[in-house]
Amino acid sequence: MNAWPINQFLLSPVGEDTYLQPFLRKQRMGSFLFQYSEGSRFEYAETAEAVQGILLGEVVNPARPELSNAGLLSDMLERFWLGAESALLDYLCQCSGDFLLICLHGDRLYCFADACGQFEAFYDFDKCILTNNPRLLPHFEAEPDALLQKYMLCIYQYTGQPGLLKLRPNHYLDFAKAAHIRYFPSAEMPVEPVDFQAAVEGIAGIMRGTLEAFARRQRTVLALTAGYDSRLLLAAGAGLALETFTYCHAHMPEDHSDIAIGRQLAAAAAMPYGVYQYREHVAEDKLLHFQKLYMPRMEQAARVLEGDGIHFADALMLNGNMGEIGRSYYGVNDAANPRELAAMIGHRGRAEVISLMDEWRAGLDLQYTGKGNLLDLFYWEERMGNWAAKAKTEMRIATRLVSPMNNFALWRQVLGVKHAYRSTVSNKLFLAVIKALDARLLQYPINPGRKTALMRAMVKTGIYTPYKRWYWKMKSA
């Protein structure tokens, strides 16, 4: 238990011995030293033009499912050499998966994240360091910051560690300029209206190519629920060699809809299916071990890492995370203020969080976001970029996990579709995509239950959006 777990890395200047980690492997990159843990998904390459790159994580190109990570890195560096940041961003925006790309051209260091920031990265421009685990830093402060104690999650870029900030979705890092640069939405890359049928065909193509690419590489297992997102992935994987499963939480009866419908969906798709349970308890020494390594937010994270990860030690796990971005979770309200945004992430009335939300809001130009998309972008960048990303970071300590819907081109198309087609409880866009990929899967109900029925009735009568606006205004009062 002395070695760091998989998927840990630290980049620092050469010669800064305080950052050396004896248990991590080493890769020289110009004037920087990149250290990473054994067993990580790691690729390094250098072009004839002396452009160097490191690619971490699970990534595919839906248009070229045959490419390996090494092939993708070669493509990325070629585009970076020919067209600098803009050409590389155009390429990265087509890719699916959870990954991080670090490029060095001369003495210019850059870092690019996946669409939803699911491969976490923390940086300090003054010290020229980059890591996905702040505990690797010699100046790490182990006592949780008072502002972060409630959830142990970052808020906006705030990490609670002096000088350390978080790379956000839709941004990249330029260390030479000490700049955290937003590339979407922007004048060069705005949200633009998308025809409904064109979006259906575009999303179906992206997801089909993504599932095919992952399934080509290794044994692949897909988590199923009774919801939209996993069903869309199952439809995209029709005819592929996938296995399926449902996690059974302690509160779930054997006839829970996720299990009952998950089993029916797997049978309809002619794919193997299993049900796995979380461990109710983890030995204290195991829990403390995980907390020491990465400070999990809750005991459940340690239970998953110690227990269920062993079921898929030799496989890639796929889940439907990120799909919520396309369902207007927080409602539609471009006038939402920082106080309301703070309440949405569980920090009602906290002045420090309201200030951070004001900073996030000020960084967006609404003329490029598309009408009604402010809260969808907030969910994308704050909820997915922090809550979901942290859960992924913890899970990757023990298993390989990726979200196929983590694709920028997909979400840019979704945000271009009218809100009437992508509500939380009656998502006509996702239903149309599922129908285009495998219509058989629509014969089973989606998220059945009294709450869902009530919400659908509210949408049908036109009171759901006003209700959500009122709800968050009251929550923030």
# chains A, B, ... in the order shown; residues from 1 in each chain; ligands from 1
>>> closest_atom_pairs(of="range 147-210 of chain A", to="range 240-248 of chain A", cutoff="12 Å", atoms="only C-alpha atoms", output="CSV")
residue,atom,partner,partner_atom,distance
A:Arg208,CA,A:Leu240,CA,10.0
A:Gly209,CA,A:Leu240,CA,11.3
A:Thr210,CA,A:Leu240,CA,11.6
>>> residues_around(residues="range 340-347 of chain A", least_positions_apart="4", cutoff="10 Å", atoms="only C-alpha atoms", output="VMD selection string")
chain A and resid 147 to 148 150 to 151 155 330 335 to 336 351 to 358 360 to 361 375 378 to 379 382 to 383 387 469 471 to 477
>>> atom_distance(atom1="CA of Gln8 in chain A", atom2="CA of Ser40 in chain A")
7.4 Å
>>> atom_distance(atom1="CA of Ala457 in chain A", atom2="CA of Leu374 in chain A")
24.7 Å
>>> select_by_dssp(residues="range 141-334 of chain A", states="helix (DSSP H, G or I)", output="number ranges by chain")
A: 196-217, 228-236, 257-268, 284-294, 299-306, 308-312, 323-327
>>> residues_around(residues="Gly202 in chain A", least_positions_apart="6", cutoff="10 Å", atoms="only C-alpha atoms", output="PyMOL selection string")
chain A and resi 196+409-410+413-414+433
>>> select_by_dssp(residues="range 89-120 of chain A", states="strand (DSSP E)", output="list in words")
Ser96, Gly97, Asp98, Phe99, Leu100, Leu101, Ile102, Cys103, Leu104, His105, Arg108, Leu109, Tyr110, Cys111, Phe112 and Ala113 of chain A
>>> closest_residue(among="A:Leu101, A:Cys93, A:Leu164, A:Leu109", to="Asn69 in chain A", atoms="only C-alpha atoms")
A:Leu101
>>> closest_residue(among="A:Asn133, A:Asn406, A:Gln443, A:Asn373", to="Arg231 in chain A", atoms="only C-alpha atoms")
A:Gln443
>>> residues_around(residues="Leu415 in chain A", least_positions_apart="3", cutoff="8 Å", atoms="only C-alpha atoms", output="PyMOL selection string")
chain A and resi 191+326+370+373+376+411-412+418
>>> residues_around(residues="Asp174 in chain A", least_positions_apart="2", cutoff="7 Å", atoms="only C-alpha atoms", output="number ranges by chain")
A: 109-111, 172, 176-180
>>> write_last_selection(atoms="N, CA and C atoms", output="short mmCIF file (atom, residue, chain, number, x, y, z; two decimals), in the first residue's frame")
data_model
loop_
_atom_site.label_atom_id
_atom_site.label_comp_id
_atom_site.auth_asym_id
_atom_site.auth_seq_id
_atom_site.Cartn_x
_atom_site.Cartn_y
_atom_site.Cartn_z
N LEU A 109 4.14 25.84 -22.79
CA LEU A 109 3.44 24.70 -22.23
C LEU A 109 1.94 24.97 -22.23
N TYR A 110 1.17 24.00 -22.73
CA TYR A 110 -0.29 24.10 -22.79
C TYR A 110 -0.92 22.86 -22.17
N CYS A 111 -2.15 23.02 -21.69
CA CYS A 111 -2.91 21.88 -21.18
C CYS A 111 -4.36 22.02 -21.64
N TYR A 172 -8.72 26.19 -21.67
CA TYR A 172 -7.42 25.52 -21.71
C TYR A 172 -6.39 26.43 -21.03
N ALA A 176 2.79 29.97 -20.53
CA ALA A 176 3.65 31.10 -20.88
C ALA A 176 2.94 32.43 -20.64
N LYS A 177 1.64 32.47 -20.90
CA LYS A 177 0.85 33.67 -20.68
C LYS A 177 0.18 33.69 -19.31
N ALA A 178 0.38 32.61 -18.53
CA ALA A 178 -0.32 32.47 -17.24
C ALA A 178 -1.81 32.73 -17.43
N ALA A 179 -2.38 32.05 -18.45
CA ALA A 179 -3.77 32.34 -18.84
C ALA A 179 -4.62 31.08 -18.82
N HIS A 180 -5.80 31.22 -18.23
CA HIS A 180 -6.85 30.20 -18.23
C HIS A 180 -7.89 30.70 -19.22
#
>>> closest_residue(among="A:His256, A:Arg350, A:Arg182, A:Lys371", to="Val332 in chain A", atoms="only C-alpha atoms")
A:Lys371
>>> decode(residues="range 234-258 of chain A", atoms="C-alpha atoms", output="compact mmCIF listing (two decimals), in the first residue's frame")
# COMPACT_ATOMS: atom_id res chain seq x y z
CA LEU A 234 -27.23 0.93 -25.13
CA ALA A 235 -28.96 1.89 -28.37
CA ALA A 236 -25.67 3.24 -29.76
CA GLY A 237 -24.01 -0.06 -28.85
CA ALA A 238 -26.54 -2.25 -30.69
CA GLY A 239 -24.81 -5.28 -32.17
CA LEU A 240 -21.50 -4.63 -30.36
CA ALA A 241 -19.86 -7.01 -27.90
CA LEU A 242 -20.89 -5.21 -24.72
CA GLU A 243 -21.80 -6.49 -21.25
CA THR A 244 -24.30 -4.68 -19.03
CA PHE A 245 -24.97 -4.33 -15.31
CA THR A 246 -26.86 -2.30 -12.71
CA TYR A 247 -25.46 -1.19 -9.37
CA CYS A 248 -27.86 -2.03 -6.54
CA HIS A 249 -27.63 0.53 -3.75
CA ALA A 250 -28.56 -0.41 -0.19
CA HIS A 251 -31.94 1.39 -0.42
CA MET A 252 -33.00 -0.35 -3.65
CA PRO A 253 -35.44 -3.30 -3.48
CA GLU A 254 -34.98 -6.23 -5.87
CA ASP A 255 -37.84 -4.96 -8.06
CA HIS A 256 -36.49 -1.42 -8.30
CA SER A 257 -37.16 0.06 -11.75
CA ASP A 258 -33.42 0.44 -12.50
